[in-house]
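The structure appears right after this line, and notes come after that.
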There are 2 protein chains.
Amino acid sequence: MSDLAIVAEKLDAVDELAGRRAEFVLDTASDRAADAAGVYLDGNSLGALPAVVPGRVEDVVRRQWGELRIRSWEESGWWTAPERIGDRIAPLVGAAPGQVVVGDSTSVNVFKALVGAVRMAGEGRDEILVDATTFPTDGYIAESAARMTGRTLRPVAPADVPGALGERTAAVLLNHVDYRTGRLHDLPGLTAAVHEAGAVAVWDLCHSAGALPVGLDEHGVDLAVGCTYKYLNGGPGSPAYLYVRRELQDRFDSPLPGWNSHAEPFGMRTGYEPAPGALRGRVGTPDILSMLALEAALEVWDGVSVEAVRAKSLALTDFFLECVAAYVPAGRVECVTPVAHEERGSQIALRCDDAGDVMKRLIERGVVGDFRAPDVLRFGFTPLYVGFADVERAARVLARTLG
Amino acid sequence: MSDLAIVAEKLDAVDELAGRRAEFVLDTASDRAADAAGVYLDGNSLGALPAVVPGRVEDVVRRQWGELRIRSWEESGWWTAPERIGDRIAPLVGAAPGQVVVGDSTSVNVFKALVGAVRMAGEGRDEILVDATTFPTDGYIAESAARMTGRTLRPVAPADVPGALGERTAAVLLNHVDYRTGRLHDLPGLTAAVHEAGAVAVWDLCHSAGALPVGLDEHGVDLAVGCTYKYLNGGPGSPAYLYVRRELQDRFDSPLPGWNSHAEPFGMRTGYEPAPGALRGRVGTPDILSMLALEAALEVWDGVSVEAVRAKSLALTDFFLECVAAYVPAGRVECVTPVAHEERGSQIALRCDDAGDVMKRLIERGVVGDFRAPDVLRFGFTPLYVGFADVERAARVLARTLG
């Protein structure tokens with residue numbers, strides 16, 4: 001056994017989150033078939049299946065839908081699921097209850113949040129700033145939000161945002177963690193700068209929620225969105241969420257005022273009157289199967305502190321970098337994720353010329369990360385189910401694949 | 001046995017769709033517990049569970065998500081599900097392949113369709129017409145679409161649409177079947193009138209698709225949306241669909257240009273370039289659990305002709321009216337659904353003063369319809385699983401409840 005394998009064993013032995021791994025479906029026949037490596041480092045794209053989910057989904061399908069049918073909208077709590085599940089996510093992103101609602105895709109929620117933000121900012125401000133390095137959908141949707149509200153969209157690197165802010169700025173859309181590099185941006189500092197300029201701050205939490213503390217309330221974030229299928233393990237394409245800070249909810253003027261956001265949805269009234277609170281972020285009928293699978297998946301967070309998750313996440317990524325440095329020939333890969341803890345999310349991105357091919361071979365050997373164009377190997381570390389031995393094994397297989 | 005019960009028995013015996021009932025989960029313990037009536041006439045709100053669905057969902061959760069994980073986006077066909085399932089719905093609404101895409105809620109699709117329609121109509125046309133009797137969400141969303149495109153929204157009763165059309169009309173949003181009264185509107189005639197005025201026709205098929213022929217291609221409809229949880233039995237809140245006529249697809253300029261509608265989604269490019277075809281109607285990551293449950297549910301349509309469904313639907317609603325006339329004391333209820341076949345969808349709406357209370361008692365007695373404010377008892381007839389004996393029993397229980 002190598003020195004680092006021994007270190008890994010010791011780290012796993014004292015890992016207070018190690019027991020959580022048993023709450024997930026891992027080490028399946030498919031994993032073992034793949035060269036026995038069986039290391040899943042793609043939870044930042046699709047979280048593993050929590051063991052509680054299949055039984056819950058079966059109950060939703062067979063009993064709630066199959067037997068109770070329409071009665072389940074009340075009796076099985078379907079109707080209130082978007083707010084209820086929002087409140088379950090709230091503590092994970094540092095939000096008090098009543099500010100998060102679940103439903104629709106991240107893209108649709110970016111549209112709601114950004115148009116809502118621009119409308120809060122008022123007529124005089126005609127520019128939207130967007131993270132120039134953003135996951136593309138935020139940029140595309142921001143372009144549409146700008147076009148439809150008569151504003152100008154200006155892409156700016158997050159570090160340049162403070163200098164770009166001004167009296168023209170209506171809203172700023174930023175990513176908490178960069179999807180490609182894994183860089184963690186300064187949410188408290190940037191939010192404060194946005195506020196100082198009198199603008200509205202919108203954060204995309206897709207790559208941070210469930211991996212590190214977000215502190216939405218604490219840092220005075222105005223609006224935020226995030227997906228639930230990465231570190232929250234909600235399942236493929238599970239519904240996203242929208243946060244609107246309590247003080248702003250009455251001024252949240254949604255561009256998608258569907259009947260589910262009406263003050264009295266079953267009044268079937270011709271005139272629209274928005275519901276108070278988080279409810280106002282709803283649109284149409286919620287997709288119950290995906291939503292209740294997510295609700296079950298969130299149970300793995302019971303008794304887990306986000307601080308403990310963050311501590312383990314940093315330990316995992318530190319250890320991965322250590323193993324890569326020890327095993328991989330110098331110069332073969334370049335780490336594009338910041339080394340400083342305060343600038344690192346829960347992934348490591350390695351630049352390498354033939355990244356697409358390398359990732360293919362890695363996956364064949366049972367180490368599942370992903371490739372992001374043009375040249376990035378991306379490895380996500382989900383503290384609830386990734387251990388230090390996994391990390392050491394992954395680095396070893398990577399070295400063999402690159403060698 | 002009453003005369004009408006004998007008639008029902010004979011009608012069931014010659015019903016060519018009678019065998020389809022076995023493909024649904026019905027007559028469960030919950031149904032029998034409810035006074036043994038067990039008649040589900042609310043498939044126009046939430047379709048019953050197709051028996052094939054639970055096993056399929058279990059496979060999606062346990063194997064596709066739990067074992068294959070991220071690989072399923074390719075290997076299990078997750079990525080292409082929106083178009084593939086759209087093509088499965090297409091023949092049910094009279095559309096050739098490549099024009100229907102599944103995803104998002106009906107409300108979100110109304111927004112896409114209506115903004116897209118207004119943009120097709122061009123700058124010179126500044127008015128949107130909307131069905132004044134519409135299900136509310138279409139009206140709310142149309143108001144937002146009008147506001148965000150700088151147009152004026154004008155509610156008009158469907159019958160008055162031809163007279164309201166003119167050079168100012170950009171787009172018209174209509175319901176194929178009225179959600180409250182069950183009135184079937186003249187889709188071919190109204191579409192032709194809209195086109196004659198040079199405007200764009202958008203139809204909401206929520207209450208018609210799966211119950212009667214729609215003929216989107218045949219009648220030259222421009223854009224259409226519909227839900228899948230009513231007559232298509234996709235499950236609670238299952239994703240909706242968007243139809244864009246092939247000739248218009250290149251001009252469809254979506255207000256929600258998420259990364260899933262990009263020509264090269266994994267190119268991760270900063271600039272948006274829309275995909276060709278139906279794909280352009282996609283937005284964000286599709287909710288796979290709900291979507292693949294819907295795909296399984298659509299298998300009950302294999303070998304079913306929509307014409308046969310329509311014939312049975314009319315026979316069921318005719319027979320219900322006959323039974324109500326025979327059993328219910330005169331003057332106690334008033335039918336607000338048109339008697340003429342060409343004006344009737346697949347539901348019967350009865351106005352009655354204490355409709356809310358009556359429906360509550362009906363449900364206690366095992367006849368499940370629903371109440372729509374202010375005074376309507378709504379009964380939906382799903383030809384794939386409702387039989388004539390059900391209809392006679394429902395009318396009998398209704399008479400007893402009203403008596």
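Identifiers in the structure tokens: chain A, B, ... in order shown; residue index from 1 per chain; ligand index from 1 in order shown.
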
Helix (DSSP H, G or I) per DSSP on the backbone: members of range 43-159 of chain A, as a ChimeraX atom specification = /A:53-75,81-93,106-121,136-149,158-159

Would you kindly return, as a PyMOL selection string, each protein, DNA or RNA residue with an atom no farther than 8 Å from any atom of Glu58 in chain A, considering only C-alpha atoms and excluding same-chain residues fewer than 5 positions away?
-> (chain A and resi 63) or (chain B and resi 54+57-58)

Atomic separation - CA of Leu173 in chain B relative to CA of Arg154 in chain B, Å = 10.4 Å

Any chance you could list, as a PDB file with N, CA and C atoms, in the first residue's frame, the residues in range 55-300 of chain A that come up strand (DSSP E) when DSSP is run on the backbone?
ATOM      1  N   VAL A 100     -37.819  30.592  -0.049  1.00  0.00           N
ATOM      2  CA  VAL A 100     -37.363  29.738  -1.145  1.00  0.00           C
ATOM      3  C   VAL A 100     -38.558  28.936  -1.672  1.00  0.00           C
ATOM      4  N   VAL A 101     -38.680  28.874  -2.981  1.00  0.00           N
ATOM      5  CA  VAL A 101     -39.744  28.064  -3.585  1.00  0.00           C
ATOM      6  C   VAL A 101     -39.124  27.211  -4.686  1.00  0.00           C
ATOM      7  N   VAL A 102     -39.589  25.963  -4.775  1.00  0.00           N
ATOM      8  CA  VAL A 102     -39.023  25.006  -5.724  1.00  0.00           C
ATOM      9  C   VAL A 102     -39.931  24.872  -6.944  1.00  0.00           C
ATOM     10  N   GLU A 127     -28.747  49.096 -17.264  1.00  0.00           N
ATOM     11  CA  GLU A 127     -27.728  48.099 -17.606  1.00  0.00           C
ATOM     12  C   GLU A 127     -27.775  46.902 -16.653  1.00  0.00           C
ATOM     13  N   ILE A 128     -27.614  45.714 -17.236  1.00  0.00           N
ATOM     14  CA  ILE A 128     -27.489  44.486 -16.447  1.00  0.00           C
ATOM     15  C   ILE A 128     -26.059  43.989 -16.616  1.00  0.00           C
ATOM     16  N   LEU A 129     -25.422  43.661 -15.514  1.00  0.00           N
ATOM     17  CA  LEU A 129     -24.097  43.042 -15.596  1.00  0.00           C
ATOM     18  C   LEU A 129     -24.248  41.534 -15.410  1.00  0.00           C
ATOM     19  N   VAL A 130     -23.512  40.788 -16.213  1.00  0.00           N
ATOM     20  CA  VAL A 130     -23.545  39.330 -16.072  1.00  0.00           C
ATOM     21  C   VAL A 130     -22.113  38.797 -16.080  1.00  0.00           C
ATOM     22  N   ASP A 131     -21.892  37.824 -15.244  1.00  0.00           N
ATOM     23  CA  ASP A 131     -20.617  37.108 -15.174  1.00  0.00           C
ATOM     24  C   ASP A 131     -20.201  36.656 -16.588  1.00  0.00           C
ATOM     25  N   THR A 152     -29.554  47.004 -21.365  1.00  0.00           N
ATOM     26  CA  THR A 152     -28.364  46.546 -22.071  1.00  0.00           C
ATOM     27  C   THR A 152     -27.655  45.515 -21.213  1.00  0.00           C
ATOM     28  N   LEU A 153     -27.176  44.472 -21.843  1.00  0.00           N
ATOM     29  CA  LEU A 153     -26.451  43.440 -21.096  1.00  0.00           C
ATOM     30  C   LEU A 153     -24.947  43.638 -21.299  1.00  0.00           C
ATOM     31  N   ARG A 154     -24.223  43.583 -20.187  1.00  0.00           N
ATOM     32  CA  ARG A 154     -22.776  43.774 -20.271  1.00  0.00           C
ATOM     33  C   ARG A 154     -22.063  42.658 -19.523  1.00  0.00           C
ATOM     34  N   PRO A 155     -21.380  41.785 -20.244  1.00  0.00           N
ATOM     35  CA  PRO A 155     -20.629  40.709 -19.601  1.00  0.00           C
ATOM     36  C   PRO A 155     -19.354  41.255 -18.969  1.00  0.00           C
ATOM     37  N   VAL A 156     -19.121  40.892 -17.726  1.00  0.00           N
ATOM     38  CA  VAL A 156     -17.970  41.376 -16.970  1.00  0.00           C
ATOM     39  C   VAL A 156     -17.406  40.217 -16.146  1.00  0.00           C
ATOM     40  N   THR A 169     -26.339  50.732 -13.354  1.00  0.00           N
ATOM     41  CA  THR A 169     -26.515  49.296 -13.095  1.00  0.00           C
ATOM     42  C   THR A 169     -27.852  48.990 -12.438  1.00  0.00           C
ATOM     43  N   ALA A 170     -28.633  48.170 -13.088  1.00  0.00           N
ATOM     44  CA  ALA A 170     -29.906  47.729 -12.514  1.00  0.00           C
ATOM     45  C   ALA A 170     -29.694  46.471 -11.679  1.00  0.00           C
ATOM     46  N   ALA A 171     -29.083  45.474 -12.270  1.00  0.00           N
ATOM     47  CA  ALA A 171     -28.927  44.188 -11.589  1.00  0.00           C
ATOM     48  C   ALA A 171     -27.644  43.518 -12.041  1.00  0.00           C
ATOM     49  N   VAL A 172     -27.170  42.612 -11.191  1.00  0.00           N
ATOM     50  CA  VAL A 172     -25.936  41.882 -11.480  1.00  0.00           C
ATOM     51  C   VAL A 172     -26.199  40.397 -11.243  1.00  0.00           C
ATOM     52  N   LEU A 173     -25.890  39.587 -12.249  1.00  0.00           N
ATOM     53  CA  LEU A 173     -26.080  38.138 -12.146  1.00  0.00           C
ATOM     54  C   LEU A 173     -24.720  37.451 -12.076  1.00  0.00           C
ATOM     55  N   LEU A 174     -24.477  36.792 -10.950  1.00  0.00           N
ATOM     56  CA  LEU A 174     -23.173  36.167 -10.726  1.00  0.00           C
ATOM     57  C   LEU A 174     -23.312  34.714 -10.311  1.00  0.00           C
ATOM     58  N   ASN A 175     -22.243  33.946 -10.536  1.00  0.00           N
ATOM     59  CA  ASN A 175     -22.189  32.559 -10.079  1.00  0.00           C
ATOM     60  C   ASN A 175     -21.370  32.470  -8.804  1.00  0.00           C
ATOM     61  N   VAL A 200     -29.274  45.543  -7.719  1.00  0.00           N
ATOM     62  CA  VAL A 200     -29.845  44.331  -7.149  1.00  0.00           C
ATOM     63  C   VAL A 200     -28.941  43.142  -7.481  1.00  0.00           C
ATOM     64  N   ALA A 201     -28.632  42.337  -6.461  1.00  0.00           N
ATOM     65  CA  ALA A 201     -27.697  41.221  -6.637  1.00  0.00           C
ATOM     66  C   ALA A 201     -28.441  39.891  -6.785  1.00  0.00           C
ATOM     67  N   VAL A 202     -28.166  39.197  -7.891  1.00  0.00           N
ATOM     68  CA  VAL A 202     -28.761  37.887  -8.159  1.00  0.00           C
ATOM     69  C   VAL A 202     -27.635  36.864  -8.248  1.00  0.00           C
ATOM     70  N   TRP A 203     -27.729  35.818  -7.442  1.00  0.00           N
ATOM     71  CA  TRP A 203     -26.677  34.797  -7.429  1.00  0.00           C
ATOM     72  C   TRP A 203     -27.192  33.458  -7.921  1.00  0.00           C
ATOM     73  N   ASP A 204     -26.353  32.778  -8.699  1.00  0.00           N
ATOM     74  CA  ASP A 204     -26.634  31.412  -9.148  1.00  0.00           C
ATOM     75  C   ASP A 204     -25.804  30.477  -8.259  1.00  0.00           C
ATOM     76  N   LEU A 223     -31.765  38.151  -4.666  1.00  0.00           N
ATOM     77  CA  LEU A 223     -32.422  36.997  -5.264  1.00  0.00           C
ATOM     78  C   LEU A 223     -31.364  35.955  -5.575  1.00  0.00           C
ATOM     79  N   ALA A 224     -31.781  34.702  -5.583  1.00  0.00           N
ATOM     80  CA  ALA A 224     -30.839  33.633  -5.919  1.00  0.00           C
ATOM     81  C   ALA A 224     -31.607  32.483  -6.563  1.00  0.00           C
ATOM     82  N   VAL A 225     -30.886  31.712  -7.359  1.00  0.00           N
ATOM     83  CA  VAL A 225     -31.461  30.518  -7.974  1.00  0.00           C
ATOM     84  C   VAL A 225     -30.436  29.399  -7.844  1.00  0.00           C
ATOM     85  N   GLY A 226     -30.909  28.185  -7.991  1.00  0.00           N
ATOM     86  CA  GLY A 226     -29.981  27.062  -7.973  1.00  0.00           C
ATOM     87  C   GLY A 226     -30.673  25.803  -8.447  1.00  0.00           C
ATOM     88  N   TYR A 241     -34.737  26.031  -7.714  1.00  0.00           N
ATOM     89  CA  TYR A 241     -35.393  26.863  -6.699  1.00  0.00           C
ATOM     90  C   TYR A 241     -35.066  28.338  -6.917  1.00  0.00           C
ATOM     91  N   LEU A 242     -35.911  29.132  -6.308  1.00  0.00           N
ATOM     92  CA  LEU A 242     -35.791  30.590  -6.382  1.00  0.00           C
ATOM     93  C   LEU A 242     -35.859  31.148  -4.969  1.00  0.00           C
ATOM     94  N   TYR A 243     -34.918  31.998  -4.637  1.00  0.00           N
ATOM     95  CA  TYR A 243     -34.915  32.697  -3.349  1.00  0.00           C
ATOM     96  C   TYR A 243     -35.191  34.166  -3.618  1.00  0.00           C
ATOM     97  N   VAL A 244     -36.141  34.720  -2.901  1.00  0.00           N
ATOM     98  CA  VAL A 244     -36.365  36.168  -2.935  1.00  0.00           C
ATOM     99  C   VAL A 244     -36.339  36.634  -1.484  1.00  0.00           C
TER     100      VAL A 244
END

Quick one: residues within 8 Å of Leu4 in chain B, only C-alpha atoms counted, chain neighbours fewer than 4 positions away excluded, as a list in words?
->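 After dropping sequence-adjacent residues, the list is Ala8, Cys323 and Glu392 of chain B.
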
Contact residues around Arg119 in chain B with only C-alpha atoms at 12 Å, ignoring same-chain residues under 3 positions, as a ChimeraX atom specification = /A:148 /B:112-116,122-128,145-146,148-151,170-171,199-200,248,251-255

Within 7 Å of chain A: each chain B residue with its shortest pair, only C-alpha atoms, as a tab-separated table:
residue	atom	partner	partner_atom	distance
B:Val25	CA	A:Gly66	CA	6.1
B:Thr28	CA	A:Glu67	CA	6.3
B:Ser30	CA	A:Glu67	CA	6.1
B:Leu46	CA	A:Ile70	CA	6.0
B:Ala48	CA	A:Gly66	CA	6.5
B:Leu49	CA	A:Gly66	CA	5.0
B:Pro54	CA	A:Val61	CA	6.2
B:Glu58	CA	A:Pro54	CA	6.7
B:Val61	CA	A:Pro54	CA	6.2
B:Arg62	CA	A:Pro54	CA	6.6
B:Trp65	CA	A:Leu49	CA	6.5
B:Gly66	CA	A:Leu49	CA	5.0
B:Glu67	CA	A:Ser30	CA	6.1
B:Leu68	CA	A:Ser30	CA	7.0
B:Arg69	CA	A:Ala48	CA	6.8
B:Ile70	CA	A:Leu46	CA	6.0
B:Asp104	CA	A:Asp104	CA	6.5
B:Ser105	CA	A:Gly284	CA	5.5
B:Thr106	CA	A:Gly284	CA	6.6
B:Ser107	CA	A:Gly284	CA	5.3
B:Pro136	CA	A:Thr270	CA	5.8
B:Thr137	CA	A:Trp259	CA	4.6
B:Tyr140	CA	A:Tyr272	CA	6.0
B:Ile141	CA	A:Pro257	CA	5.9
B:Ser144	CA	A:Pro255	CA	6.0
B:Met148	CA	A:Met148	CA	5.5
B:Thr149	CA	A:Met148	CA	6.7
B:Pro236	CA	A:Ile288	CA	5.6
B:Gly237	CA	A:Asp287	CA	3.9
B:Ser238	CA	A:Asp287	CA	5.3
B:Pro239	CA	A:Asp287	CA	6.9
B:Pro255	CA	A:Ser144	CA	6.0
B:Leu256	CA	A:Ile141	CA	6.2
B:Pro257	CA	A:Ile141	CA	5.9
B:Gly258	CA	A:Thr137	CA	5.1
B:Trp259	CA	A:Thr137	CA	4.6
B:Gly267	CA	A:Ala373	CA	6.2
B:Met268	CA	A:Pro136	CA	5.9
B:Arg269	CA	A:Pro136	CA	6.4
B:Thr270	CA	A:Pro136	CA	5.8
B:Tyr272	CA	A:Tyr140	CA	6.0
B:Val283	CA	A:Ser107	CA	6.7
B:Gly284	CA	A:Ser107	CA	5.3
B:Thr285	CA	A:Gly237	CA	5.3
B:Pro286	CA	A:Gly237	CA	5.1
B:Asp287	CA	A:Gly237	CA	3.9
B:Ile288	CA	A:Pro236	CA	5.5
B:Leu289	CA	A:Ser290	CA	5.5
B:Ser290	CA	A:Leu289	CA	5.5
B:Ala373	CA	A:Gly267	CA	6.3

Emit the selected residues as a short mmCIF file (atom, residue, chain, number, x, y, z; two decimals), in the first residue's frame, including N, CA and C atoms.
data_model
loop_
_atom_site.label_atom_id
_atom_site.label_comp_id
_atom_site.auth_asym_id
_atom_site.auth_seq_id
_atom_site.Cartn_x
_atom_site.Cartn_y
_atom_site.Cartn_z
N VAL B 25 -54.67 1.54 -13.55
CA VAL B 25 -54.91 1.16 -12.16
C VAL B 25 -56.22 1.81 -11.73
N THR B 28 -59.38 0.29 -7.14
CA THR B 28 -58.48 -0.07 -6.04
C THR B 28 -59.26 -0.15 -4.73
N SER B 30 -59.07 1.85 -2.32
CA SER B 30 -59.59 3.19 -2.02
C SER B 30 -60.89 3.45 -2.77
N LEU B 46 -56.72 15.10 -13.57
CA LEU B 46 -55.54 14.22 -13.40
C LEU B 46 -55.91 12.83 -13.90
N ALA B 48 -55.86 8.86 -14.69
CA ALA B 48 -55.54 7.70 -13.85
C ALA B 48 -54.16 7.15 -14.21
N LEU B 49 -53.64 6.34 -13.32
CA LEU B 49 -52.29 5.78 -13.48
C LEU B 49 -52.28 4.61 -14.46
N PRO B 54 -45.50 2.40 -13.01
CA PRO B 54 -44.67 2.19 -11.81
C PRO B 54 -43.38 1.41 -12.09
N GLU B 58 -39.58 2.88 -11.67
CA GLU B 58 -38.63 2.19 -10.80
C GLU B 58 -37.30 1.94 -11.54
N VAL B 61 -35.41 5.20 -11.81
CA VAL B 61 -34.78 5.62 -10.55
C VAL B 61 -33.65 4.67 -10.17
N ARG B 62 -33.94 3.38 -10.10
CA ARG B 62 -32.94 2.44 -9.55
C ARG B 62 -31.77 2.17 -10.50
N TRP B 65 -30.76 6.10 -12.98
CA TRP B 65 -30.13 7.08 -12.10
C TRP B 65 -29.17 6.40 -11.11
N GLY B 66 -29.67 5.38 -10.42
CA GLY B 66 -28.90 4.79 -9.33
C GLY B 66 -27.64 4.08 -9.76
N GLU B 67 -27.68 3.39 -10.90
CA GLU B 67 -26.50 2.64 -11.33
C GLU B 67 -25.71 3.33 -12.44
N LEU B 68 -26.40 3.76 -13.47
CA LEU B 68 -25.67 4.36 -14.60
C LEU B 68 -25.31 5.82 -14.32
N ARG B 69 -26.13 6.47 -13.50
CA ARG B 69 -25.91 7.88 -13.15
C ARG B 69 -25.71 8.74 -14.40
N ILE B 70 -24.65 9.52 -14.39
CA ILE B 70 -24.46 10.52 -15.45
C ILE B 70 -24.45 9.90 -16.85
N ASP B 104 -41.22 21.76 -19.30
CA ASP B 104 -41.77 22.94 -18.61
C ASP B 104 -43.29 22.80 -18.40
N SER B 105 -43.85 23.76 -17.69
CA SER B 105 -45.29 23.72 -17.42
C SER B 105 -46.05 24.34 -18.58
N THR B 106 -47.36 24.15 -18.58
CA THR B 106 -48.19 24.77 -19.62
C THR B 106 -48.01 26.29 -19.59
N SER B 107 -48.00 26.86 -18.39
CA SER B 107 -47.88 28.33 -18.27
C SER B 107 -46.60 28.82 -18.95
N PRO B 136 -57.52 30.72 -16.19
CA PRO B 136 -56.86 31.98 -15.84
C PRO B 136 -55.38 32.08 -16.20
N THR B 137 -54.63 31.00 -16.06
CA THR B 137 -53.18 31.15 -16.26
C THR B 137 -52.84 31.67 -17.65
N TYR B 140 -53.22 35.42 -17.49
CA TYR B 140 -52.15 36.09 -16.72
C TYR B 140 -50.85 36.13 -17.52
N ILE B 141 -50.53 34.99 -18.11
CA ILE B 141 -49.28 34.90 -18.87
C ILE B 141 -49.37 35.77 -20.14
N SER B 144 -48.56 39.21 -19.29
CA SER B 144 -47.12 39.41 -19.14
C SER B 144 -46.44 39.45 -20.51
N MET B 148 -44.35 42.60 -21.89
CA MET B 148 -42.92 42.47 -22.18
C MET B 148 -42.58 42.62 -23.66
N THR B 149 -43.61 42.59 -24.51
CA THR B 149 -43.36 42.82 -25.94
C THR B 149 -43.94 44.16 -26.38
N PRO B 236 -49.17 13.60 -12.11
CA PRO B 236 -49.36 14.93 -11.53
C PRO B 236 -48.27 15.92 -11.96
N GLY B 237 -48.68 16.97 -12.62
CA GLY B 237 -47.74 18.01 -13.03
C GLY B 237 -46.72 17.56 -14.06
N SER B 238 -47.03 16.51 -14.79
CA SER B 238 -46.09 16.03 -15.81
C SER B 238 -45.85 17.15 -16.83
N PRO B 239 -44.70 17.13 -17.49
CA PRO B 239 -44.34 18.28 -18.34
C PRO B 239 -45.29 18.51 -19.51
N PRO B 255 -38.44 33.48 -25.98
CA PRO B 255 -38.07 34.40 -24.89
C PRO B 255 -37.31 33.68 -23.78
N LEU B 256 -37.20 32.35 -23.87
CA LEU B 256 -36.50 31.56 -22.86
C LEU B 256 -35.42 30.70 -23.54
N PRO B 257 -34.40 31.36 -24.07
CA PRO B 257 -33.37 30.65 -24.84
C PRO B 257 -32.34 29.97 -23.94
N GLY B 258 -32.78 28.96 -23.21
CA GLY B 258 -31.88 28.23 -22.33
C GLY B 258 -30.88 27.39 -23.11
N TRP B 259 -29.89 26.89 -22.41
CA TRP B 259 -28.79 26.16 -23.08
C TRP B 259 -29.26 24.91 -23.80
N GLY B 267 -21.03 22.88 -26.46
CA GLY B 267 -19.94 23.75 -26.92
C GLY B 267 -19.65 24.81 -25.86
N MET B 268 -20.60 25.03 -24.96
CA MET B 268 -20.44 26.00 -23.86
C MET B 268 -20.00 27.36 -24.41
N ARG B 269 -20.66 27.74 -25.47
CA ARG B 269 -20.28 29.01 -26.11
C ARG B 269 -21.00 30.19 -25.48
N THR B 270 -20.35 31.33 -25.51
CA THR B 270 -20.92 32.53 -24.92
C THR B 270 -22.11 33.03 -25.73
N TYR B 272 -25.38 32.92 -28.11
CA TYR B 272 -26.53 32.03 -28.31
C TYR B 272 -26.79 31.83 -29.80
N VAL B 283 -35.68 24.56 -22.99
CA VAL B 283 -35.10 25.65 -22.19
C VAL B 283 -33.95 25.09 -21.36
N GLY B 284 -34.25 24.58 -20.17
CA GLY B 284 -33.20 24.06 -19.30
C GLY B 284 -33.18 22.54 -19.29
N THR B 285 -32.47 22.00 -18.33
CA THR B 285 -32.35 20.55 -18.19
C THR B 285 -33.73 19.93 -17.93
N PRO B 286 -34.11 18.93 -18.73
CA PRO B 286 -35.45 18.35 -18.56
C PRO B 286 -35.56 17.53 -17.28
N ASP B 287 -36.75 17.58 -16.67
CA ASP B 287 -36.99 16.80 -15.45
C ASP B 287 -37.31 15.36 -15.84
N ILE B 288 -36.29 14.54 -15.74
CA ILE B 288 -36.32 13.20 -16.33
C ILE B 288 -37.34 12.26 -15.67
N LEU B 289 -37.47 12.29 -14.37
CA LEU B 289 -38.41 11.36 -13.72
C LEU B 289 -39.83 11.58 -14.24
N SER B 290 -40.28 12.83 -14.19
CA SER B 290 -41.63 13.14 -14.66
C SER B 290 -41.76 12.86 -16.15
N ALA B 373 -65.24 27.04 -9.45
CA ALA B 373 -65.93 28.23 -8.97
C ALA B 373 -66.59 28.96 -10.14
#

Spatial neighbours of range 329-345 of chain A, max dist 9 Å, only C-alpha atoms, sep filter under 3 positions, as a VMD selection string = chain A and resid 176 to 178 180 to 186 207 to 208 211 to 212 310 313 to 314 317 to 318 321 324 to 326 348 to 353 376 399 402 to 403

Any idea what the distance is between CA of Pro276 in chain A and CA of Asp250 in chain A?
->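 Atom-to-atom, CA of Pro276 in chain A and CA of Asp250 in chain A are spaced 6.7 Å apart.
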